[in-house]
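Peer 1: The structure that follows is given in the form of structure tokens.
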Amino acid sequence: MTIFPVKEFENIPTPFYYYDLNILRETLNEVAKHSSRDNYHVHYAIKANANPQILSIIRDAHLGVDCVSGGEVQAALNAGFSPDKIVFAGVGKSDWEIKLALENNISCFNVESEAELEVIQEIAQSMDKSATVALRVNPNVDAHTHHYITTGLAENKFGINLEMLDHIIERCIILPNINLQGLHFHIGSQITETEPFKKLCLKINELQSHYENIGIKFNSINVGGGLGIDYDNPDENPIPNFKDYFETFHNNLELRPWQQLHFELGRSIVGQCGSLITRVLYVKEGVKKKFAIVDAGFTELIRPALYQAHHNIENLSSKTTDTEHYDVVGPICESSDRFGESEILPITSRGDLLALRSAGAYGEIMASQYNCRNLPKSLFSE
Ligand code: LLP
């Protein structure tokens with residue numbers, strides 16, 4: 001459970017991110033405990049949070065990294081991750097990004113189209129390098145999550161359709177600077193049931209049998225990320241159920257003895273360790289509503305505006321147990337700049353500090369400078 005050092009917060013300009021590093025370390029311990037098989041490799045999806053302090057703790061826990069841009073590859077290298085633990089995905093890799101990855105000998109490109117494969121071949125050839133690739137396949141498994149973060153359905157900008165896979169595998173075999181290592185999947189994000197992951201395993205089993213029958217074997221399988229967190233109860237459930245998650249793959253995926261299994265977890269690793277701390281600027285009395293107008297907006301935390309997400313809101317300053325309903329809104333000139341509607345909070349006044357919980361993933365990293373605002377700073381426990 002996160003205990004907020006409210007006294008210390010009083011002197012710090014808001015809004016800012018507060019990271020409870022104990023939660024992060026405990027989470028990483030759980031990941032290690034349940035993924036400790038020789039052929040399991042957990043990569044941290046750096047898109048969730050690339051704060052250097054967070055990265056150094058994740059690096060020390062021996063995770064690899066999953067990147068989706070040259071900037072992320074560079075951030076991972078700067079943080080001291082070993083290139084042989086970096087995988088590089090993304091539907092639109094620029095030439096300079098492919099070169100950067102090849103120069104640094106990253107372990108694998110997760111390739112999302114034939115067009116991209118041909119460009120990687122061309123660039124690798126010009127550099128006299130071999131590019132190790134995994135093909136990202138759309139397994140057509142519904143992740144039952146928000147449609148903006150569902151990615152495994154058939155026709156999609158992500159990945160390769162199953163019916164086109166045979167042809168692209170053939171191309172991989174022909175292309176001289178391409179070394180096909182395996183298959184990659186990612187069905188979506190904030191998945192809180194094990195069933196979609198089980199379905200993914202069964203689909204992979206089918207595919208593996210099909211390819212083995214025609215003499216094609218893969219050295220690695222990458223099942224992507226997607227394990228969700230409990231946004232409603234961050235203190236009761238600060239750590240996701242990694243046991244069930246890894247067991248689902250262990251029990252359902254027919255991994256061959258020579259195969260390596262890769263995971264790309266983002267939200268489940270950093271989500272619960274971060275909170276956005278904001279100050280109440282005004283309590284505006286409306287006709288029927290009260291608005292708590294705070295100094296953070298979707299510039300600091302865009303998830304509510306973009307995905308109708310809800311982050312628990314706590315008043316850290318209020319001493320009373322009497323409550324009131326508030327719409328908690330930010331200062332940005334857009335109606336979508338709202339963190340909560342009819343939130344029940346202790347009586348709230350100007351100057352109170354609020355914590356928006358479970359904001360460690362896709363929070364700080366998605367901040368923008370819209371309305372010429374400054375990017376948020378971060379503060380760490382200890
Ligand atoms: N691997 C691939 C190929 C991905 O596209 C993603 C996330 C991950 C791994 C990590 O997924 P995670 O374990 O974090 O669910 N901004 C959205 C989430 C976008 C996820 C994009 N891809 C949000 O705030 O909900």
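Labeling convention for the structure tokens: chains A, B, ... as they appear, residues from 1 per chain, ligands from 1 in order of appearance.
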Dump the neighbourhood of ligand 1 as a list of chain:residue names: all residues within 7 Å, distances computed on only C-alpha atoms and all ligand atoms.
Peer 2: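 For ligand 1, the residues inside 7 Å are A:Ala45, A:Ala48, A:Asp66, A:Ala89, A:Ile149, A:His186, A:Gly188, A:Ser189, A:Gln190, A:Gly224, A:Gly225, A:Gly226, A:Leu227, A:Gly228, A:Glu264, A:Leu265, A:Gly266, A:Arg267, A:Ser268, A:Arg303, A:Tyr307, A:Ala361, A:Tyr362.
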Peer 1: Applying 8 Å and only C-alpha atoms, which residues near Val6 in chain A remain after dropping the ones on its own chain fewer than 4 positions away? List them as a list in words.
Peer 2: Glu10, Leu316 and Ser317 of chain A
Peer 1: Using only C-alpha atoms, which residues sit within 8 Å of His311 in chain A once same-chain residues fewer than 5 positions away are excluded, as a list in words?
Peer 2: Tyr231, Asp232, Pro304, Phe339, Leu356, Arg357, Ser358 and Ala359 of chain A
Peer 1: Those same residues, written as a PDB file, in the first residue's frame with all heavy atoms?
Peer 2:
ATOM      1  N   TYR A 231      -7.509  -1.105 -11.358  1.00  0.00           N
ATOM      2  CA  TYR A 231      -7.612   0.345 -11.205  1.00  0.00           C
ATOM      3  C   TYR A 231      -8.559   0.739 -10.077  1.00  0.00           C
ATOM      4  O   TYR A 231      -8.443   1.821  -9.518  1.00  0.00           O
ATOM      5  CB  TYR A 231      -8.095   0.991 -12.523  1.00  0.00           C
ATOM      6  CG  TYR A 231      -6.999   1.129 -13.561  1.00  0.00           C
ATOM      7  CD1 TYR A 231      -6.868   0.217 -14.600  1.00  0.00           C
ATOM      8  CD2 TYR A 231      -6.086   2.181 -13.505  1.00  0.00           C
ATOM      9  CE1 TYR A 231      -5.861   0.341 -15.551  1.00  0.00           C
ATOM     10  CE2 TYR A 231      -5.072   2.317 -14.448  1.00  0.00           C
ATOM     11  CZ  TYR A 231      -4.967   1.399 -15.465  1.00  0.00           C
ATOM     12  OH  TYR A 231      -3.962   1.521 -16.399  1.00  0.00           O
ATOM     13  N   ASP A 232      -9.507  -0.165  -9.751  1.00  0.00           N
ATOM     14  CA  ASP A 232     -10.500   0.188  -8.731  1.00  0.00           C
ATOM     15  C   ASP A 232      -9.963   0.020  -7.307  1.00  0.00           C
ATOM     16  O   ASP A 232     -10.416   0.701  -6.399  1.00  0.00           O
ATOM     17  CB  ASP A 232     -11.753  -0.695  -8.885  1.00  0.00           C
ATOM     18  CG  ASP A 232     -12.433  -0.441 -10.217  1.00  0.00           C
ATOM     19  OD1 ASP A 232     -12.353   0.707 -10.700  1.00  0.00           O
ATOM     20  OD2 ASP A 232     -13.010  -1.393 -10.779  1.00  0.00           O
ATOM     21  N   PRO A 304      -8.012   9.173 -18.986  1.00  0.00           N
ATOM     22  CA  PRO A 304      -9.464   9.375 -18.893  1.00  0.00           C
ATOM     23  C   PRO A 304     -10.041  10.009 -20.165  1.00  0.00           C
ATOM     24  O   PRO A 304     -11.089   9.582 -20.659  1.00  0.00           O
ATOM     25  CB  PRO A 304      -9.620  10.297 -17.680  1.00  0.00           C
ATOM     26  CG  PRO A 304      -8.402  10.013 -16.847  1.00  0.00           C
ATOM     27  CD  PRO A 304      -7.294   9.771 -17.848  1.00  0.00           C
ATOM     28  N   PHE A 339     -11.314  14.191 -14.880  1.00  0.00           N
ATOM     29  CA  PHE A 339     -10.794  12.957 -14.267  1.00  0.00           C
ATOM     30  C   PHE A 339     -11.889  12.125 -13.614  1.00  0.00           C
ATOM     31  O   PHE A 339     -11.701  10.931 -13.382  1.00  0.00           O
ATOM     32  CB  PHE A 339      -9.728  13.289 -13.227  1.00  0.00           C
ATOM     33  CG  PHE A 339      -8.468  13.871 -13.830  1.00  0.00           C
ATOM     34  CD1 PHE A 339      -8.033  15.141 -13.483  1.00  0.00           C
ATOM     35  CD2 PHE A 339      -7.729  13.146 -14.755  1.00  0.00           C
ATOM     36  CE1 PHE A 339      -6.874  15.665 -14.037  1.00  0.00           C
ATOM     37  CE2 PHE A 339      -6.564  13.663 -15.319  1.00  0.00           C
ATOM     38  CZ  PHE A 339      -6.141  14.933 -14.950  1.00  0.00           C
ATOM     39  N   LEU A 356      -4.184  10.942  -8.014  1.00  0.00           N
ATOM     40  CA  LEU A 356      -4.832  10.107  -9.032  1.00  0.00           C
ATOM     41  C   LEU A 356      -4.008   8.838  -9.097  1.00  0.00           C
ATOM     42  O   LEU A 356      -2.839   8.860  -9.497  1.00  0.00           O
ATOM     43  CB  LEU A 356      -4.848  10.834 -10.378  1.00  0.00           C
ATOM     44  CG  LEU A 356      -5.836  11.987 -10.397  1.00  0.00           C
ATOM     45  CD1 LEU A 356      -5.270  13.197 -11.063  1.00  0.00           C
ATOM     46  CD2 LEU A 356      -7.087  11.537 -11.092  1.00  0.00           C
ATOM     47  N   ARG A 357      -4.624   7.753  -8.655  1.00  0.00           N
ATOM     48  CA  ARG A 357      -3.883   6.505  -8.420  1.00  0.00           C
ATOM     49  C   ARG A 357      -3.665   5.694  -9.702  1.00  0.00           C
ATOM     50  O   ARG A 357      -4.288   5.948 -10.726  1.00  0.00           O
ATOM     51  CB  ARG A 357      -4.653   5.662  -7.390  1.00  0.00           C
ATOM     52  CG  ARG A 357      -4.926   6.368  -6.070  1.00  0.00           C
ATOM     53  CD  ARG A 357      -3.656   6.683  -5.304  1.00  0.00           C
ATOM     54  NE  ARG A 357      -2.809   5.514  -5.133  1.00  0.00           N
ATOM     55  CZ  ARG A 357      -2.950   4.604  -4.164  1.00  0.00           C
ATOM     56  NH1 ARG A 357      -3.895   4.749  -3.258  1.00  0.00           N
ATOM     57  NH2 ARG A 357      -2.145   3.559  -4.081  1.00  0.00           N
ATOM     58  N   SER A 358      -2.820   4.687  -9.576  1.00  0.00           N
ATOM     59  CA  SER A 358      -2.563   3.711 -10.663  1.00  0.00           C
ATOM     60  C   SER A 358      -2.140   4.397 -11.961  1.00  0.00           C
ATOM     61  O   SER A 358      -2.563   3.999 -13.050  1.00  0.00           O
ATOM     62  CB  SER A 358      -3.806   2.845 -10.941  1.00  0.00           C
ATOM     63  OG  SER A 358      -4.378   2.389  -9.747  1.00  0.00           O
ATOM     64  N   ALA A 359      -1.310   5.411 -11.844  1.00  0.00           N
ATOM     65  CA  ALA A 359      -0.961   6.226 -13.017  1.00  0.00           C
ATOM     66  C   ALA A 359       0.491   6.018 -13.457  1.00  0.00           C
ATOM     67  O   ALA A 359       1.032   6.812 -14.218  1.00  0.00           O
ATOM     68  CB  ALA A 359      -1.219   7.703 -12.714  1.00  0.00           C
TER      69      ALA A 359
END
Peer 1: Among range 79-299 of chain A, which ones does DSSP place in alpha helix (DSSP H), written as a short mmCIF file (atom, residue, chain, number, x, y, z; two decimals) with C-alpha atoms, in the first residue's frame?
Peer 2:
data_model
loop_
_atom_site.label_atom_id
_atom_site.label_comp_id
_atom_site.auth_asym_id
_atom_site.auth_seq_id
_atom_site.Cartn_x
_atom_site.Cartn_y
_atom_site.Cartn_z
CA ASP A 95 15.15 3.86 -41.85
CA TRP A 96 17.23 5.63 -39.17
CA GLU A 97 15.51 3.58 -36.49
CA ILE A 98 16.26 0.31 -38.28
CA LYS A 99 19.90 1.41 -38.70
CA LEU A 100 20.19 2.38 -35.03
CA ALA A 101 18.87 -1.02 -34.00
CA LEU A 102 21.22 -2.87 -36.37
CA GLU A 103 24.25 -0.79 -35.33
CA GLU A 114 6.12 -7.61 -45.81
CA ALA A 115 6.95 -4.06 -46.88
CA GLU A 116 8.89 -3.55 -43.65
CA LEU A 117 10.67 -6.89 -44.03
CA GLU A 118 11.98 -5.87 -47.46
CA VAL A 119 13.30 -2.56 -46.12
CA ILE A 120 15.03 -4.27 -43.19
CA GLN A 121 16.66 -6.66 -45.67
CA GLU A 122 17.86 -3.74 -47.81
CA ILE A 123 19.29 -1.79 -44.87
CA ALA A 124 20.88 -4.86 -43.26
CA GLN A 125 22.51 -5.77 -46.57
CA SER A 126 23.91 -2.25 -46.99
CA LEU A 162 -2.79 -15.35 -40.83
CA GLU A 163 -3.57 -15.93 -44.50
CA MET A 164 -0.53 -13.91 -45.56
CA LEU A 165 1.86 -15.58 -43.15
CA ASP A 166 2.98 -18.49 -45.36
CA HIS A 167 4.08 -16.12 -48.07
CA ILE A 168 6.01 -13.83 -45.71
CA ILE A 169 7.74 -16.79 -44.06
CA GLU A 170 8.87 -17.89 -47.52
CA ARG A 171 10.28 -14.41 -48.13
CA CYS A 172 12.19 -14.61 -44.83
CA ILE A 173 13.76 -17.86 -45.92
CA ILE A 174 14.83 -16.40 -49.27
CA GLU A 195 -9.18 -16.63 -20.96
CA PRO A 196 -7.91 -14.45 -23.85
CA PHE A 197 -4.33 -15.51 -23.04
CA LYS A 198 -5.43 -19.14 -23.02
CA LYS A 199 -7.08 -18.68 -26.42
CA LEU A 200 -3.86 -17.14 -27.67
CA CYS A 201 -1.93 -20.22 -26.52
CA LEU A 202 -4.31 -22.56 -28.33
CA LYS A 203 -3.98 -20.51 -31.50
CA ILE A 204 -0.20 -20.63 -31.26
CA ASN A 205 -0.34 -24.41 -30.75
CA GLU A 206 -2.35 -24.77 -33.98
CA LEU A 207 0.06 -22.57 -35.89
CA GLN A 208 3.11 -24.42 -34.61
CA SER A 209 1.68 -27.80 -35.67
CA HIS A 210 0.80 -26.42 -39.07
CA TYR A 211 4.33 -25.12 -39.66
CA GLU A 212 6.05 -28.18 -38.27
CA ASN A 213 4.07 -30.29 -40.75
CA PHE A 242 1.55 -12.93 -12.15
CA LYS A 243 1.22 -16.48 -10.87
CA ASP A 244 -1.97 -17.13 -12.86
CA TYR A 245 -0.64 -15.20 -15.82
CA PHE A 246 2.58 -17.18 -16.26
CA GLU A 247 0.84 -20.45 -15.36
CA THR A 248 -1.69 -19.89 -18.15
CA PHE A 249 1.16 -19.99 -20.64
CA HIS A 250 2.94 -22.83 -18.89
CA ASN A 251 -0.21 -24.96 -18.85
CA ASN A 252 -1.58 -24.17 -22.29
CA ARG A 267 1.28 -1.76 -17.43
CA SER A 268 1.42 -4.69 -15.02
CA ILE A 269 4.98 -3.77 -14.04
CA VAL A 270 4.75 -0.01 -13.49
#
Peer 1: Which is closer to Tyr18 in chain A than all the others in A:Asn315, A:Ser335, A:Ser381, A:Gln369, using only C-alpha atoms?
Peer 2: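 When distances to Tyr18 in chain A are compared using only C-alpha atoms, the smallest one comes from A:Ser381.
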Peer 1: May I have the residues within 10 Å of range 35-41 of chain A as a JSON list (two decimals) with all heavy atoms, in the first residue's frame, using only C-alpha atoms and disregarding those fewer than 6 positions away in the same chain?
Peer 2:
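Output (part-v3.json):
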[["chain", "number", "residue", "atom", "x", "y", "z"],
["A", 29, "ASN", "N", 9.82, -8.43, -8.00],
["A", 29, "ASN", "CA", 10.11, -9.69, -7.31],
["A", 29, "ASN", "C", 9.09, -10.76, -7.67],
["A", 29, "ASN", "O", 9.43, -11.93, -7.87],
["A", 29, "ASN", "CB", 10.08, -9.51, -5.78],
["A", 29, "ASN", "CG", 11.32, -8.79, -5.30],
["A", 29, "ASN", "OD1", 12.32, -8.72, -6.03],
["A", 29, "ASN", "ND2", 11.27, -8.23, -4.10],
["A", 62, "HIS", "N", 16.95, -7.36, -14.06],
["A", 62, "HIS", "CA", 17.36, -8.24, -15.17],
["A", 62, "HIS", "C", 16.29, -8.45, -16.23],
["A", 62, "HIS", "O", 16.32, -9.48, -16.93],
["A", 62, "HIS", "CB", 17.86, -9.60, -14.66],
["A", 62, "HIS", "CG", 18.89, -9.47, -13.59],
["A", 62, "HIS", "ND1", 20.14, -8.93, -13.84],
["A", 62, "HIS", "CD2", 18.86, -9.73, -12.27],
["A", 62, "HIS", "CE1", 20.82, -8.90, -12.72],
["A", 62, "HIS", "NE2", 20.07, -9.36, -11.73],
["A", 63, "LEU", "N", 15.36, -7.53, -16.35],
["A", 63, "LEU", "CA", 14.39, -7.67, -17.44],
["A", 63, "LEU", "C", 15.03, -7.16, -18.73],
["A", 63, "LEU", "O", 15.96, -6.35, -18.69],
["A", 63, "LEU", "CB", 13.13, -6.85, -17.15],
["A", 63, "LEU", "CG", 12.00, -7.61, -16.44],
["A", 63, "LEU", "CD1", 12.43, -8.03, -15.06],
["A", 63, "LEU", "CD2", 10.76, -6.73, -16.34],
["A", 64, "GLY", "N", 14.51, -7.62, -19.87],
["A", 64, "GLY", "CA", 14.87, -7.04, -21.15],
["A", 64, "GLY", "C", 13.92, -5.89, -21.44],
["A", 64, "GLY", "O", 13.15, -5.48, -20.56],
["A", 65, "VAL", "N", 13.96, -5.38, -22.67],
["A", 65, "VAL", "CA", 13.08, -4.27, -23.02],
["A", 65, "VAL", "C", 12.40, -4.54, -24.36],
["A", 65, "VAL", "O", 12.99, -5.12, -25.27],
["A", 65, "VAL", "CB", 13.87, -2.94, -23.17],
["A", 65, "VAL", "CG1", 12.92, -1.76, -23.28],
["A", 65, "VAL", "CG2", 14.79, -2.73, -22.00],
["A", 85, "LYS", "N", 19.04, -7.99, -25.07],
["A", 85, "LYS", "CA", 17.74, -8.21, -24.42],
["A", 85, "LYS", "C", 16.69, -7.23, -24.96],
["A", 85, "LYS", "O", 15.63, -7.06, -24.36],
["A", 85, "LYS", "CB", 17.87, -8.01, -22.92],
["A", 85, "LYS", "CG", 18.60, -9.13, -22.20],
["A", 85, "LYS", "CD", 18.56, -8.83, -20.73],
["A", 85, "LYS", "CE", 18.97, -10.00, -19.89],
["A", 85, "LYS", "NZ", 18.88, -9.68, -18.47],
["A", 220, "SER", "N", 11.75, -19.14, -31.27],
["A", 220, "SER", "CA", 11.15, -18.37, -30.19],
["A", 220, "SER", "C", 9.70, -18.01, -30.47],
["A", 220, "SER", "O", 9.28, -17.90, -31.63],
["A", 220, "SER", "CB", 11.95, -17.08, -29.93],
["A", 220, "SER", "OG", 11.69, -16.16, -30.94],
["A", 221, "ILE", "N", 8.98, -17.87, -29.39],
["A", 221, "ILE", "CA", 7.59, -17.41, -29.43],
["A", 221, "ILE", "C", 7.53, -16.20, -28.49],
["A", 221, "ILE", "O", 8.03, -16.25, -27.37],
["A", 221, "ILE", "CB", 6.63, -18.51, -28.90],
["A", 221, "ILE", "CG1", 6.69, -19.78, -29.77],
["A", 221, "ILE", "CG2", 5.20, -17.99, -28.80],
["A", 221, "ILE", "CD1", 6.17, -19.64, -31.18],
["A", 222, "ASN", "N", 6.92, -15.12, -28.99],
["A", 222, "ASN", "CA", 6.76, -13.93, -28.16],
["A", 222, "ASN", "C", 5.27, -13.67, -28.03],
["A", 222, "ASN", "O", 4.58, -13.48, -29.04],
["A", 222, "ASN", "CB", 7.48, -12.75, -28.84],
["A", 222, "ASN", "CG", 7.42, -11.48, -28.01],
["A", 222, "ASN", "OD1", 6.47, -11.26, -27.26],
["A", 222, "ASN", "ND2", 8.42, -10.63, -28.16],
["A", 242, "PHE", "N", 0.56, -12.39, -11.22],
["A", 242, "PHE", "CA", 1.55, -12.93, -12.15],
["A", 242, "PHE", "C", 1.57, -14.46, -12.12],
["A", 242, "PHE", "O", 1.93, -15.10, -13.10],
["A", 242, "PHE", "CB", 2.94, -12.38, -11.83],
["A", 242, "PHE", "CG", 3.09, -10.93, -12.16],
["A", 242, "PHE", "CD1", 3.20, -9.98, -11.15],
["A", 242, "PHE", "CD2", 3.11, -10.49, -13.48],
["A", 242, "PHE", "CE1", 3.32, -8.63, -11.45],
["A", 242, "PHE", "CE2", 3.24, -9.15, -13.80],
["A", 242, "PHE", "CZ", 3.34, -8.21, -12.79],
["A", 243, "LYS", "N", 1.20, -15.01, -10.98],
["A", 243, "LYS", "CA", 1.22, -16.48, -10.87],
["A", 243, "LYS", "C", 0.28, -17.07, -11.93],
["A", 243, "LYS", "O", 0.69, -17.89, -12.75],
["A", 243, "LYS", "CB", 0.78, -16.88, -9.46],
["A", 243, "LYS", "CG", 0.77, -18.35, -9.20],
["A", 243, "LYS", "CD", 0.52, -18.61, -7.71],
["A", 243, "LYS", "CE", 0.58, -20.08, -7.39],
["A", 243, "LYS", "NZ", -0.61, -20.80, -7.84],
["A", 245, "TYR", "N", -1.02, -15.62, -14.48],
["A", 245, "TYR", "CA", -0.64, -15.20, -15.82],
["A", 245, "TYR", "C", 0.40, -16.15, -16.42],
["A", 245, "TYR", "O", 0.20, -16.73, -17.49],
["A", 245, "TYR", "CB", -0.12, -13.76, -15.77],
["A", 245, "TYR", "CG", 0.45, -13.27, -17.09],
["A", 245, "TYR", "CD1", -0.39, -12.94, -18.15],
["A", 245, "TYR", "CD2", 1.83, -13.17, -17.28],
["A", 245, "TYR", "CE1", 0.12, -12.52, -19.37],
["A", 245, "TYR", "CE2", 2.35, -12.74, -18.48],
["A", 245, "TYR", "CZ", 1.50, -12.41, -19.52],
["A", 245, "TYR", "OH", 2.01, -12.00, -20.73],
["A", 246, "PHE", "N", 1.51, -16.33, -15.70],
["A", 246, "PHE", "CA", 2.58, -17.18, -16.26],
["A", 246, "PHE", "C", 2.14, -18.65, -16.32],
["A", 246, "PHE", "O", 2.50, -19.37, -17.24],
["A", 246, "PHE", "CB", 3.87, -17.02, -15.46],
["A", 246, "PHE", "CG", 4.55, -15.70, -15.73],
["A", 246, "PHE", "CD1", 4.59, -14.70, -14.78],
["A", 246, "PHE", "CD2", 5.15, -15.45, -16.97],
["A", 246, "PHE", "CE1", 5.20, -13.47, -15.04],
["A", 246, "PHE", "CE2", 5.77, -14.23, -17.24],
["A", 246, "PHE", "CZ", 5.80, -13.24, -16.27],
["A", 247, "GLU", "N", 1.32, -19.06, -15.34],
["A", 247, "GLU", "CA", 0.84, -20.45, -15.36],
["A", 247, "GLU", "C", -0.05, -20.72, -16.57],
["A", 247, "GLU", "O", -0.06, -21.82, -17.12],
["A", 247, "GLU", "CB", 0.07, -20.78, -14.08],
["A", 247, "GLU", "CG", 0.98, -21.42, -13.07],
["A", 247, "GLU", "CD", 0.28, -21.73, -11.76],
["A", 247, "GLU", "OE1", -0.98, -21.65, -11.69],
["A", 247, "GLU", "OE2", 0.99, -22.04, -10.80],
["A", 250, "HIS", "N", 2.26, -21.56, -19.18],
["A", 250, "HIS", "CA", 2.94, -22.83, -18.89],
["A", 250, "HIS", "C", 2.00, -24.02, -19.14],
["A", 250, "HIS", "O", 2.40, -25.04, -19.71],
["A", 250, "HIS", "CB", 3.42, -22.83, -17.43],
["A", 250, "HIS", "CG", 4.14, -24.07, -17.06],
["A", 250, "HIS", "ND1", 5.34, -24.42, -17.64],
["A", 250, "HIS", "CD2", 3.83, -25.06, -16.19],
["A", 250, "HIS", "CE1", 5.73, -25.57, -17.15],
["A", 250, "HIS", "NE2", 4.85, -25.99, -16.27],
["A", 255, "LEU", "N", 5.10, -25.54, -25.78],
["A", 255, "LEU", "CA", 6.42, -25.04, -26.16],
["A", 255, "LEU", "C", 7.32, -26.24, -26.45],
["A", 255, "LEU", "O", 7.30, -27.22, -25.72],
["A", 255, "LEU", "CB", 6.96, -24.24, -24.96],
["A", 255, "LEU", "CG", 7.83, -23.03, -25.25],
["A", 255, "LEU", "CD1", 7.12, -22.03, -26.15],
["A", 255, "LEU", "CD2", 8.21, -22.36, -23.93],
["A", 257, "PRO", "N", 10.98, -28.18, -26.68],
["A", 257, "PRO", "CA", 12.09, -28.11, -25.72],
["A", 257, "PRO", "C", 13.16, -27.08, -26.08],
["A", 257, "PRO", "O", 13.83, -26.54, -25.21],
["A", 257, "PRO", "CB", 12.69, -29.52, -25.75],
["A", 257, "PRO", "CG", 11.70, -30.38, -26.44],
["A", 257, "PRO", "CD", 10.76, -29.53, -27.22],
["A", 258, "TRP", "N", 13.31, -26.81, -27.36],
["A", 258, "TRP", "CA", 14.37, -25.89, -27.77],
["A", 258, "TRP", "C", 13.88, -24.43, -27.81],
["A", 258, "TRP", "O", 14.66, -23.52, -28.07],
["A", 258, "TRP", "CB", 14.89, -26.26, -29.18],
["A", 258, "TRP", "CG", 13.84, -26.12, -30.24],
["A", 258, "TRP", "CD1", 13.51, -24.98, -30.94],
["A", 258, "TRP", "CD2", 12.95, -27.13, -30.73],
["A", 258, "TRP", "NE1", 12.49, -25.23, -31.82],
["A", 258, "TRP", "CE2", 12.12, -26.55, -31.72],
["A", 258, "TRP", "CE3", 12.79, -28.50, -30.43],
["A", 258, "TRP", "CZ2", 11.15, -27.27, -32.39],
["A", 258, "TRP", "CZ3", 11.80, -29.20, -31.12],
["A", 258, "TRP", "CH2", 11.00, -28.59, -32.07],
["A", 259, "GLN", "N", 12.59, -24.21, -27.52],
["A", 259, "GLN", "CA", 12.05, -22.87, -27.75],
["A", 259, "GLN", "C", 12.17, -21.93, -26.56],
["A", 259, "GLN", "O", 12.05, -22.34, -25.40],
["A", 259, "GLN", "CB", 10.57, -22.98, -28.13],
["A", 259, "GLN", "CG", 10.39, -23.46, -29.54],
["A", 259, "GLN", "CD", 8.95, -23.46, -29.98],
["A", 259, "GLN", "OE1", 8.05, -23.76, -29.19],
["A", 259, "GLN", "NE2", 8.73, -23.16, -31.24],
["A", 260, "GLN", "N", 12.37, -20.66, -26.89],
["A", 260, "GLN", "CA", 12.40, -19.59, -25.90],
["A", 260, "GLN", "C", 11.05, -18.88, -25.93],
["A", 260, "GLN", "O", 10.49, -18.67, -27.01],
["A", 260, "GLN", "CB", 13.50, -18.57, -26.24],
["A", 260, "GLN", "CG", 14.87, -19.19, -26.45],
["A", 260, "GLN", "CD", 15.38, -19.89, -25.20],
["A", 260, "GLN", "OE1", 15.35, -19.32, -24.12],
["A", 260, "GLN", "NE2", 15.82, -21.14, -25.35],
["A", 261, "LEU", "N", 10.55, -18.52, -24.74],
["A", 261, "LEU", "CA", 9.27, -17.82, -24.69],
["A", 261, "LEU", "C", 9.48, -16.41, -24.16],
["A", 261, "LEU", "O", 10.06, -16.21, -23.09],
["A", 261, "LEU", "CB", 8.29, -18.59, -23.78],
["A", 261, "LEU", "CG", 6.90, -17.98, -23.63],
["A", 261, "LEU", "CD1", 6.20, -17.86, -24.98],
["A", 261, "LEU", "CD2", 6.04, -18.82, -22.68],
["A", 262, "HIS", "N", 9.04, -15.42, -24.95],
["A", 262, "HIS", "CA", 9.23, -14.01, -24.58],
["A", 262, "HIS", "C", 7.90, -13.36, -24.20],
["A", 262, "HIS", "O", 6.88, -13.65, -24.81],
["A", 262, "HIS", "CB", 9.84, -13.24, -25.76],
["A", 262, "HIS", "CG", 11.21, -13.73, -26.13],
["A", 262, "HIS", "ND1", 12.36, -13.08, -25.74],
["A", 262, "HIS", "CD2", 11.60, -14.81, -26.85],
["A", 262, "HIS", "CE1", 13.40, -13.74, -26.20],
["A", 262, "HIS", "NE2", 12.97, -14.79, -26.88],
["A", 263, "PHE", "N", 7.98, -12.47, -23.21],
["A", 263, "PHE", "CA", 6.82, -11.69, -22.76],
["A", 263, "PHE", "C", 7.19, -10.22, -22.86],
["A", 263, "PHE", "O", 8.36, -9.85, -22.68],
["A", 263, "PHE", "CB", 6.49, -12.01, -21.30],
["A", 263, "PHE", "CG", 6.18, -13.45, -21.04],
["A", 263, "PHE", "CD1", 7.20, -14.37, -20.77],
["A", 263, "PHE", "CD2", 4.87, -13.91, -21.05],
["A", 263, "PHE", "CE1", 6.92, -15.70, -20.52],
["A", 263, "PHE", "CE2", 4.59, -15.25, -20.79],
["A", 263, "PHE", "CZ", 5.61, -16.15, -20.54],
["A", 264, "GLU", "N", 6.19, -9.38, -23.09],
["A", 264, "GLU", "CA", 6.44, -7.92, -23.15],
["A", 264, "GLU", "C", 5.43, -7.23, -22.25],
["A", 264, "GLU", "O", 4.35, -6.85, -22.71],
["A", 264, "GLU", "CB", 6.24, -7.42, -24.58],
["A", 264, "GLU", "CG", 7.13, -8.07, -25.60],
["A", 264, "GLU", "CD", 6.77, -7.72, -27.04],
["A", 264, "GLU", "OE1", 5.63, -7.28, -27.30],
["A", 264, "GLU", "OE2", 7.63, -7.92, -27.91]]
Peer 1: Please return, as a ChimeraX atom specification, all residues of range 166-300 of chain A that DSSP assigns to strand (DSSP E) on the basis of the backbone.
Peer 2: /A:178-184,220-222,260-265,274-285,290-294
Peer 1: For Val141 in chain A, which residue out of A:Asp60, A:Glu155, A:Lys129, A:Asn179 is the nearest one, using only C-alpha atoms?
Peer 2: A:Glu155
Peer 1: Would you compute the distance between CA of Ile191 in chain A and CA of Asp142 in chain A? Give it in Å to one decimal.
Peer 2: 10.2 Å
Peer 1: Within 12 Å of Ala367 in chain A, counting only C-alpha atoms, which residues qualify if same-chain residues fewer than 2 places away don't, as a PyMOL selection string?
Peer 2: chain A and resi 15-17+48-50+276+296-303+359+361-365+369-370+372-377
Peer 1: With distances taken over only C-alpha atoms, which of A:Leu354, A:Gly360, A:Lys289, A:Gln308 is nearest to Asp337 in chain A?
Peer 2: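 Closest residue, counting only C-alpha atoms: A:Gln308.
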Peer 1: Can you tell me how far CA of Val223 in chain A sits from CA of Glu193 in chain A, in Å to one decimal?
Peer 2: 15.5 Å
Peer 1: Counting only C-alpha atoms, which residue out of A:Gly90, A:Gly182, A:Pro234, A:Pro83 sits closest to Thr132 in chain A?
Peer 2: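 Distance minimum relative to Thr132 in chain A lands on A:Gly182.
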